[in-house]
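Visitor: Pasting upload-v6.cif below, which is mmCIF, C-alpha atoms.
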```cif
data_run
loop_
_atom_site.label_atom_id
_atom_site.label_comp_id
_atom_site.auth_asym_id
_atom_site.auth_seq_id
_atom_site.Cartn_x
_atom_site.Cartn_y
_atom_site.Cartn_z
CA MET E 265 51.95 91.14 102.94
CA ALA E 266 50.91 93.54 105.70
CA ASN E 267 50.64 90.65 108.14
CA SER E 268 54.14 89.47 107.25
CA ILE E 269 55.62 92.93 107.81
CA ARG E 270 53.73 93.29 111.09
CA GLY E 271 54.99 89.87 112.21
CA LEU E 272 58.58 90.82 111.33
CA LEU E 273 58.33 94.09 113.28
CA ASP E 274 56.92 92.24 116.28
CA ASP E 275 59.75 89.73 116.12
CA ILE E 276 62.32 92.54 115.94
CA ARG E 277 60.70 94.22 118.92
CA LYS E 278 60.80 91.00 120.97
CA ASN E 279 64.34 90.00 120.00
CA ARG E 280 65.99 93.39 119.50
CA ALA E 281 69.19 92.28 121.23
CA ILE E 282 69.71 89.45 118.75
CA TYR E 283 68.99 91.70 115.78
CA LEU E 284 71.48 94.26 117.09
CA MET E 285 74.11 91.51 117.22
CA VAL E 286 73.36 90.57 113.60
CA LEU E 287 73.31 94.20 112.38
CA PRO E 288 77.12 94.73 112.06
CA VAL E 289 77.48 91.52 110.03
CA ALA E 290 74.53 92.44 107.81
CA LEU E 291 75.95 95.94 107.24
CA TYR E 292 79.36 94.49 106.40
CA PHE E 293 77.97 92.21 103.72
CA PHE E 294 75.71 94.93 102.31
CA ILE E 295 78.42 97.60 102.16
CA PHE E 296 81.36 95.49 101.02
CA LYS E 297 79.70 92.59 99.16
CA TYR E 298 76.29 93.55 97.75
CA PHE E 299 76.52 97.32 97.21
CA PRO E 300 79.68 97.13 95.02
CA MET E 301 77.98 94.60 92.74
CA TYR E 302 76.41 97.39 90.71
CA GLY E 303 79.93 98.18 89.47
CA ALA E 304 79.96 94.87 87.57
CA VAL E 305 78.09 96.69 84.81
CA ILE E 306 81.41 98.12 83.59
CA ALA E 307 82.12 94.64 82.19
CA PHE E 308 79.63 95.59 79.47
CA LYS E 309 80.95 99.14 78.98
CA ASP E 310 84.09 100.88 77.77
CA PHE E 311 84.67 102.32 81.20
CA SER E 312 86.28 105.72 81.58
CA PRO E 313 86.80 107.19 85.08
CA ALA E 314 86.11 110.65 83.66
CA LYS E 315 82.69 109.61 82.33
CA GLY E 316 81.76 107.41 85.27
CA ILE E 317 80.02 104.04 85.25
CA TRP E 318 76.75 105.13 83.70
CA GLY E 319 78.29 107.71 81.37
CA SER E 320 80.70 105.27 79.72
CA ASP E 321 79.88 103.82 76.32
CA TRP E 322 78.03 100.51 76.17
CA VAL E 323 79.93 97.74 74.33
CA GLY E 324 77.88 94.66 75.25
CA PHE E 325 79.79 91.37 75.31
CA ALA E 326 82.86 92.73 73.49
CA HIS E 327 85.21 92.26 76.46
CA PHE E 328 84.02 88.71 77.00
CA LYS E 329 84.66 87.91 73.33
CA ASP E 330 88.14 89.43 73.54
CA PHE E 331 88.95 87.23 76.53
CA PHE E 332 87.56 84.06 74.96
CA GLN E 333 89.60 84.68 71.80
CA SER E 334 92.82 85.68 73.56
CA TYR E 335 95.91 83.52 73.93
CA TYR E 336 95.59 83.66 77.73
CA PHE E 337 92.05 82.24 77.94
CA VAL E 338 92.97 78.54 77.79
CA ARG E 339 96.10 79.02 79.91
CA VAL E 340 94.54 80.85 82.86
CA LEU E 341 91.42 78.67 82.78
CA ARG E 342 93.52 75.48 82.80
CA ASN E 343 95.85 76.70 85.54
CA THR E 344 93.01 77.93 87.75
CA PHE E 345 91.14 74.66 87.43
CA LEU E 346 94.17 72.42 87.97
CA ILE E 347 95.47 74.27 91.03
CA SER E 348 91.99 74.35 92.58
CA PHE E 349 91.38 70.71 91.68
CA TYR E 350 94.65 69.58 93.25
CA ASN E 351 93.85 71.64 96.34
CA LEU E 352 90.46 69.94 96.52
CA ILE E 353 91.73 66.39 95.99
CA PHE E 354 94.72 66.61 98.33
CA GLY E 355 93.86 69.54 100.58
CA PHE E 356 90.23 68.85 101.43
CA PRO E 357 90.74 65.41 103.07
CA ALA E 358 93.87 66.51 104.98
CA PRO E 359 92.15 68.45 107.83
CA ILE E 360 89.57 65.65 108.16
CA ILE E 361 92.35 63.11 108.69
CA LEU E 362 94.13 65.43 111.14
CA ALA E 363 90.93 66.02 113.12
CA ILE E 364 90.28 62.28 113.38
CA LEU E 365 93.85 61.62 114.50
CA LEU E 366 93.68 64.39 117.09
CA ASN E 367 90.37 63.03 118.30
CA GLU E 368 92.03 59.67 118.96
CA ILE E 369 94.82 61.19 121.08
CA ARG E 370 94.17 60.74 124.78
CA GLN E 371 97.11 62.78 126.16
CA LYS E 372 95.70 66.31 126.38
CA MET E 373 99.06 68.09 126.58
CA PHE E 374 100.44 66.39 123.47
CA LYS E 375 97.16 67.05 121.68
CA SER E 376 97.31 70.76 122.57
CA ILE E 377 100.91 71.04 121.38
CA VAL E 378 100.10 69.41 118.03
CA GLN E 379 97.07 71.67 117.57
CA THR E 380 99.04 74.82 118.38
CA ILE E 381 101.86 73.94 116.00
CA SER E 382 99.43 73.08 113.20
CA TYR E 383 97.51 76.37 113.66
CA LEU E 384 100.57 78.64 113.52
CA PRO E 385 101.09 78.78 109.70
CA HIS E 386 97.58 80.19 109.26
CA PHE E 387 98.54 83.30 111.27
CA ILE E 388 101.82 83.98 109.48
CA SER E 389 101.65 86.75 106.88
CA ILE E 390 101.34 85.50 103.31
CA VAL E 391 104.30 87.74 102.40
CA VAL E 392 106.47 86.00 105.02
CA ILE E 393 105.24 82.57 103.92
CA SER E 394 106.05 83.34 100.29
CA GLY E 395 109.49 84.64 101.23
CA LEU E 396 110.22 81.45 103.16
CA ILE E 397 109.06 79.29 100.25
CA ILE E 398 111.33 81.15 97.83
CA ASP E 399 114.32 80.93 100.19
CA PHE E 400 113.79 77.24 100.91
CA THR E 401 113.46 76.33 97.22
CA ASN E 402 116.35 78.46 95.93
CA ARG E 403 119.78 77.03 95.23
CA GLY E 404 121.36 76.06 98.54
CA GLY E 405 118.02 76.15 100.34
CA ILE E 406 116.71 73.52 102.74
CA VAL E 407 114.65 71.72 100.10
CA ASN E 408 117.59 71.51 97.71
CA SER E 409 119.83 70.28 100.52
CA ILE E 410 117.42 67.40 101.13
CA ILE E 411 117.23 66.66 97.41
CA MET E 412 121.03 66.61 97.13
CA PHE E 413 121.27 64.34 100.17
CA PHE E 414 119.24 61.74 98.25
CA GLY E 415 121.35 62.12 95.13
CA GLY E 416 119.47 64.91 93.33
CA GLN E 417 120.79 68.15 91.84
CA ASP E 418 120.74 71.66 93.25
CA SER E 419 118.41 73.91 91.25
CA ALA E 420 116.16 76.96 91.56
CA LEU E 421 112.90 75.05 91.94
CA MET E 422 110.62 78.08 91.70
CA ASN E 423 112.05 79.00 88.29
CA ASN E 424 110.87 75.69 86.86
CA ALA E 425 107.27 75.88 85.63
CA GLU E 426 106.77 72.15 86.21
CA ASN E 427 107.37 72.54 89.95
CA PHE E 428 105.08 75.47 90.62
CA ARG E 429 101.75 73.68 91.13
CA THR E 430 103.30 71.04 93.39
CA ILE E 431 104.99 73.65 95.58
CA PHE E 432 101.93 75.92 95.65
CA VAL E 433 99.45 73.18 96.56
CA SER E 434 101.66 71.46 99.15
CA THR E 435 102.46 74.73 100.94
CA SER E 436 98.78 75.76 100.85
CA ILE E 437 97.85 72.49 102.56
CA TRP E 438 100.55 73.11 105.18
CA GLN E 439 99.24 76.64 105.80
CA GLU E 440 95.59 75.73 106.32
CA LEU E 441 95.76 72.14 107.60
CA GLY E 442 95.45 72.90 111.31
CA TRP E 443 93.08 75.84 110.99
CA SER E 444 90.68 73.93 108.73
CA SER E 445 90.57 71.02 111.17
CA ILE E 446 88.92 73.15 113.88
CA ILE E 447 85.43 72.82 112.44
CA TYR E 448 85.79 69.03 112.17
CA LEU E 449 87.01 68.81 115.77
CA ALA E 450 83.92 70.79 116.79
CA ALA E 451 81.72 68.35 114.86
CA LEU E 452 83.47 65.40 116.52
CA SER E 453 82.80 66.82 119.96
CA GLY E 454 79.08 66.64 119.20
CA ILE E 455 79.07 62.88 118.56
CA ASN E 456 77.33 60.96 121.33
CA PRO E 457 79.96 58.98 123.35
CA GLU E 458 77.39 56.23 123.87
CA LEU E 459 77.72 55.34 120.20
CA TYR E 460 81.39 54.48 120.75
CA GLU E 461 80.50 52.43 123.81
CA ALA E 462 77.89 50.52 121.82
CA VAL E 463 80.32 49.53 119.05
CA ARG E 464 83.02 48.65 121.60
CA VAL E 465 80.56 46.26 123.23
CA ASP E 466 80.19 44.62 119.82
CA GLY E 467 83.98 44.14 119.72
CA ALA E 468 84.90 47.00 117.39
CA GLY E 469 88.50 48.21 117.47
CA ARG E 470 89.78 51.74 116.91
CA PHE E 471 89.59 51.64 113.11
CA ARG E 472 86.12 50.10 113.17
CA GLN E 473 84.95 52.82 115.58
CA ILE E 474 86.26 55.49 113.23
CA TRP E 475 84.55 53.86 110.25
CA SER E 476 81.22 53.15 111.97
CA VAL E 477 80.82 56.18 114.26
CA THR E 478 83.32 58.97 113.60
CA LEU E 479 83.00 59.24 109.82
CA PRO E 480 79.17 59.01 109.74
CA GLY E 481 79.10 61.73 112.40
CA LEU E 482 81.26 63.96 110.20
CA ILE E 483 79.39 63.37 106.93
CA PRO E 484 76.94 66.32 107.22
CA THR E 485 79.79 68.74 107.98
CA ILE E 486 81.97 67.27 105.24
CA MET E 487 79.23 67.60 102.64
CA ILE E 488 78.43 71.23 103.49
CA LEU E 489 82.10 72.23 103.36
CA LEU E 490 82.59 70.23 100.17
CA ILE E 491 79.73 72.09 98.50
CA LEU E 492 81.27 75.41 99.50
CA ARG E 493 84.69 74.25 98.32
CA ILE E 494 83.34 73.18 94.93
CA GLY E 495 81.49 76.50 94.69
CA GLY E 496 84.88 78.22 94.86
CA LEU E 497 86.67 75.76 92.60
CA MET E 498 87.62 78.45 90.09
CA GLU E 499 88.73 80.87 92.80
CA VAL E 500 92.47 80.99 93.50
CA GLY E 501 93.64 84.00 95.52
CA PHE E 502 96.07 86.18 93.61
CA GLU E 503 98.23 87.26 96.58
CA LYS E 504 100.32 84.12 96.95
CA ILE E 505 100.40 83.51 93.20
CA VAL E 506 101.70 87.03 92.51
CA LEU E 507 104.32 86.74 95.25
CA LEU E 508 105.61 83.39 93.99
CA TYR E 509 105.33 83.40 90.22
CA ASN E 510 107.66 84.94 87.66
CA PRO E 511 107.77 85.07 83.84
CA ASN E 512 109.44 81.64 83.79
CA THR E 513 106.43 80.03 85.51
CA TYR E 514 103.54 81.96 83.91
CA GLU E 515 102.72 78.91 81.79
CA THR E 516 101.63 76.89 84.85
CA ALA E 517 101.19 79.60 87.51
CA ASP E 518 99.11 82.33 85.86
CA VAL E 519 95.49 81.99 87.05
CA ILE E 520 92.39 84.13 86.45
CA SER E 521 92.85 86.26 89.58
CA SER E 522 96.54 86.98 88.88
CA PHE E 523 95.69 87.73 85.24
CA VAL E 524 93.01 90.20 86.38
CA TYR E 525 95.46 91.84 88.79
CA ARG E 526 98.22 92.12 86.21
CA GLU E 527 96.05 93.34 83.34
CA GLY E 528 93.73 95.52 85.39
CA LEU E 529 96.12 97.21 87.79
CA ALA E 530 99.79 96.39 87.28
CA GLN E 531 99.97 97.01 83.53
CA GLY E 532 97.06 98.21 81.46
CA ASN E 533 94.47 99.63 83.90
CA ASP E 534 91.85 98.09 81.63
CA TYR E 535 89.10 97.94 84.22
CA SER E 536 86.26 96.91 81.92
CA TYR E 537 88.13 93.99 80.39
CA THR E 538 89.34 92.60 83.70
CA THR E 539 85.90 93.08 85.28
CA ALA E 540 84.49 90.95 82.48
CA VAL E 541 87.09 88.27 83.21
CA GLY E 542 86.28 88.34 86.93
CA LEU E 543 82.54 88.21 86.22
CA PHE E 544 83.07 85.19 84.00
CA GLN E 545 84.94 83.48 86.85
CA SER E 546 82.11 84.27 89.29
CA MET E 547 79.53 82.85 86.90
CA ILE E 548 81.42 79.56 86.70
CA ASN E 549 81.68 79.39 90.50
CA PHE E 550 77.96 80.11 90.82
CA ALA E 551 77.10 77.31 88.39
CA LEU E 552 79.41 74.90 90.26
CA LEU E 553 77.82 75.84 93.59
CA ILE E 554 74.29 75.23 92.31
CA SER E 555 75.32 71.91 90.75
CA ALA E 556 77.19 70.69 93.86
CA ASN E 557 74.26 71.58 96.12
CA SER E 558 71.79 69.75 93.86
CA ILE E 559 73.94 66.62 93.65
CA SER E 560 74.53 66.60 97.42
CA ARG E 561 70.82 67.06 98.13
CA ARG E 562 69.95 64.16 95.86
CA PHE E 563 72.53 61.64 97.06
CA SER E 564 73.34 62.54 100.68
CA GLY E 565 70.47 64.73 101.87
CA SER E 566 72.90 67.46 103.03
CA ARG E 567 72.52 70.85 101.35
CA LEU E 568 73.01 74.56 101.80
CA TRP E 569 69.42 75.40 100.87
#
```
Turn this file's structure into structure tokens for me.
Guide:
Amino acid sequence: MANSIRGLLDDIRKNRAIYLMVLPVALYFFIFKYFPMYGAVIAFKDFSPAKGIWGSDWVGFAHFKDFFQSYYFVRVLRNTFLISFYNLIFGFPAPIILAILLNEIRQKMFKSIVQTISYLPHFISIVVISGLIIDFTNRGGIVNSIIMFFGGQDSALMNNAENFRTIFVSTSIWQELGWSSIIYLAALSGINPELYEAVRVDGAGRFRQIWSVTLPGLIPTIMILLILRIGGLMEVGFEKIVLLYNPNTYETADVISSFVYREGLAQGNDYSYTTAVGLFQSMINFALLISANSISRRFSGSRLW
């Protein structure tokens, strides 16, 4: 033990510049990610701000039982899973396809223009994005104009619960498509050009080169990002949901994070109950992350740890 500590101190002394660069990131995660975790104990207490975390009465798993037995349990669990699942099925391959297509473009100016345009939605405020979505899908909006052009009817699309998931997922893909492709473009730049020359000598065309060289070169990156994506399968940010949904669409739009926001802050201020709900969500994500990493390690050799 003493030797390990001495070795660590020696390493810090030799590489102090690198450790100083890491220090702000480490402090950020400790202060804003790890330190607040002690507050999760209120999920097992009847928390009162006046009594504090440790002074509040202990109730055990009562809040978890209340959530499991509530009317909202099945609804928010189903909606969270379905929206995340659709985002995974349709949204995860999209930046991979875009990165491959951009990699095949030889005109640098056109490639730069496409990249810039595809990156822009990521930098637009979520409030502005949500406002545009509502305006475009309202009666007389652009989307309804297109629907009417093809013989459809004008309607308030966002007031129809059946449309919410489709609109939410498709706009989420549009927002993050270009930005998410950056890491795949970086991985593509690391593929040895000699591999393409070798398959071209064997008579391979463009599609065969993509299948035999490009995709295998992307597999490690794809698997790591897929593991991380599965680890957050039950995580749907509440900001866009809250800005887009309304009582007419709660049946298909209300997810765990929006339920926690509404019950914990907007309405009841029931911090203990909503902390229990959030902790339950985190436990599911943790189990999914462990499972995805184990499966990936067994079948592809790529893993996070």
Visitor: Which of these, E:Ser536, E:Gln379, E:Gly496, E:Arg429, has the shortest distance to Ser320 in chain E once you count only C-alpha atoms?
Guide: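 Looking at the shortest contact to Ser320 in chain E, the residue is E:Ser536.
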Visitor: List as a PyMOL selection string the residues having at least one atom at most 10 Å from position (79.0, 61.8, 116.9) as given in the file, counting all atoms listed in the file.
Guide: chain E and resi 451-460+477-482
Visitor: Would you list the contacts of Ser566 in chain E as a ChimeraX atom specification, taking every protein, DNA or RNA residue within 7 Å and counting only C-alpha atoms, but skipping same-chain residues closer than 6 positions in sequence?
Guide: /E:484,487-488,560
Visitor: Given the file shown, enumerate the residues that the PyMOL selection byres ((chain E and resi 363) around 10) captures and present them as an NGL selection string.
Guide: :E and (358-362 or 364-368 or 379 or 441-442 or 444-452)
Visitor: Keeping only C-alpha atoms, write the selected residues to a file as a CSV table (one decimal), in the frame of the given file.
Guide:
```
chain,number,residue,atom,x,y,z
E,358,ALA,CA,93.9,66.5,105.0
E,359,PRO,CA,92.2,68.4,107.8
E,360,ILE,CA,89.6,65.6,108.2
E,361,ILE,CA,92.4,63.1,108.7
E,362,LEU,CA,94.1,65.4,111.1
E,364,ILE,CA,90.3,62.3,113.4
E,365,LEU,CA,93.8,61.6,114.5
E,366,LEU,CA,93.7,64.4,117.1
E,367,ASN,CA,90.4,63.0,118.3
E,368,GLU,CA,92.0,59.7,119.0
E,379,GLN,CA,97.1,71.7,117.6
E,441,LEU,CA,95.8,72.1,107.6
E,442,GLY,CA,95.4,72.9,111.3
E,444,SER,CA,90.7,73.9,108.7
E,445,SER,CA,90.6,71.0,111.2
E,446,ILE,CA,88.9,73.2,113.9
E,447,ILE,CA,85.4,72.8,112.4
E,448,TYR,CA,85.8,69.0,112.2
E,449,LEU,CA,87.0,68.8,115.8
E,450,ALA,CA,83.9,70.8,116.8
E,451,ALA,CA,81.7,68.4,114.9
E,452,LEU,CA,83.5,65.4,116.5
```
Visitor: Written as an MDAnalysis selection string, what is the full residue list that the PyMOL selection byres ((chain E and resi 329-331) around 12) yields on the file shown?
Guide: chainID E and resid 307:308 323:328 332:341 520 523:524 527 536:545
Visitor: Which residues of range 326-401 of chain E come within 9 Å of range 430-439 of chain E, and what is each one's closest atom pair and distance in Å (one decimal), counting all atoms listed in the file, sorted by chain and residue number, as a Markdown table?
Guide:
```
| residue | atom | partner | partner_atom | distance |
| --- | --- | --- | --- | --- |
| E:Ile347 | CA | E:Val433 | CA | 6.9 |
| E:Ser348 | CA | E:Val433 | CA | 8.5 |
| E:Tyr350 | CA | E:Val433 | CA | 6.9 |
| E:Asn351 | CA | E:Val433 | CA | 5.8 |
| E:Phe354 | CA | E:Ile437 | CA | 7.9 |
| E:Gly355 | CA | E:Ile437 | CA | 5.3 |
| E:Phe356 | CA | E:Ile437 | CA | 8.5 |
| E:Ala358 | CA | E:Ile437 | CA | 7.6 |
| E:Pro359 | CA | E:Ile437 | CA | 8.8 |
| E:Ser382 | CA | E:Trp438 | CA | 8.1 |
| E:Tyr383 | CA | E:Gln439 | CA | 8.1 |
| E:Leu384 | CA | E:Gln439 | CA | 8.1 |
| E:Pro385 | CA | E:Gln439 | CA | 4.8 |
| E:His386 | CA | E:Gln439 | CA | 5.2 |
| E:Phe387 | CA | E:Gln439 | CA | 8.6 |
| E:Ile388 | CA | E:Gln439 | CA | 8.6 |
| E:Ile393 | CA | E:Gln439 | CA | 8.6 |
| E:Ile397 | CA | E:Thr435 | CA | 8.1 |
```
Visitor: Restricting the calculation to all atoms listed in the file: of E:Ser476, E:Asn424, E:Ser522, E:Asn557, which residue gets closest to Leu489 in chain E?
Guide: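 Distance minimum relative to Leu489 in chain E lands on E:Asn557.
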Visitor: Hey, could you pull the box centre and edge lengths for range 413-419 of chain E, axis-aligned, 4 Å padding per side, all listed atoms, to one decimal in Å, as JSON?
Guide:
```
{"center_x": 119.9, "center_y": 67.8, "center_z": 95.7, "size_x": 10.9, "size_y": 20.2, "size_z": 16.9}
```
Visitor: On this structure, which residues satisfy the PyMOL selection byres ((chain E and resi 501-511) around 6), written as a CSV table (one decimal) with C-alpha atoms, keeping the file's coordinate frame?
Guide:
```
chain,number,residue,atom,x,y,z
E,500,VAL,CA,92.5,81.0,93.5
E,512,ASN,CA,109.4,81.6,83.8
E,513,THR,CA,106.4,80.0,85.5
E,514,TYR,CA,103.5,82.0,83.9
E,521,SER,CA,92.8,86.3,89.6
E,522,SER,CA,96.5,87.0,88.9
```
Visitor: Hey, can you check how far CA of Ser376 in chain E sits from CA of Ala462 in chain E?
Guide: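 Spanning CA of Ser376 in chain E to CA of Ala462 in chain E is a straight-line distance of 28.1 Å.
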Visitor: CA of Ile317 in chain E to CA of Ala304 in chain E: how many Å, to one decimal?
Guide: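 Interatomic distance, CA of Ile317 in chain E to CA of Ala304 in chain E: 9.5 Å.
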Visitor: So how many Å separate CA of Lys375 in chain E and CA of Ile474 in chain E, to one decimal?
Guide: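 Separation of CA of Lys375 in chain E and CA of Ile474 in chain E: 18.0 Å.
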Visitor: Name the closest residue to Ile369 in chain E among the candidates E:Arg470, E:Leu497, E:Ile491, E:Leu352; distances are taken between atoms, counting only C-alpha atoms.
Guide: E:Arg470
Visitor: Nearest residue to Ser555 in chain E out of E:Ile483, E:Leu529, E:Val378, E:Ile494, using only C-alpha atoms?
Guide: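 Comparing E:Ile483, E:Leu529, E:Val378, E:Ile494 against Ser555 in chain E, the winner is E:Ile494.
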Visitor: Which residues of range 291-396 of chain E have any atom within 12 Å of an atom in range 407-423 of chain E when counting only C-alpha atoms, and what is the closest pair of atoms for each, with the distance in Å to one decimal? Order the rows by chain and rising number and write it as JSON lines.
Guide:
```
{"residue": "E:Ser394", "atom": "CA", "partner": "E:Met422", "partner_atom": "CA", "distance": 11.1}
{"residue": "E:Gly395", "atom": "CA", "partner": "E:Met422", "partner_atom": "CA", "distance": 11.6}
{"residue": "E:Leu396", "atom": "CA", "partner": "E:Val407", "partner_atom": "CA", "distance": 11.1}
```
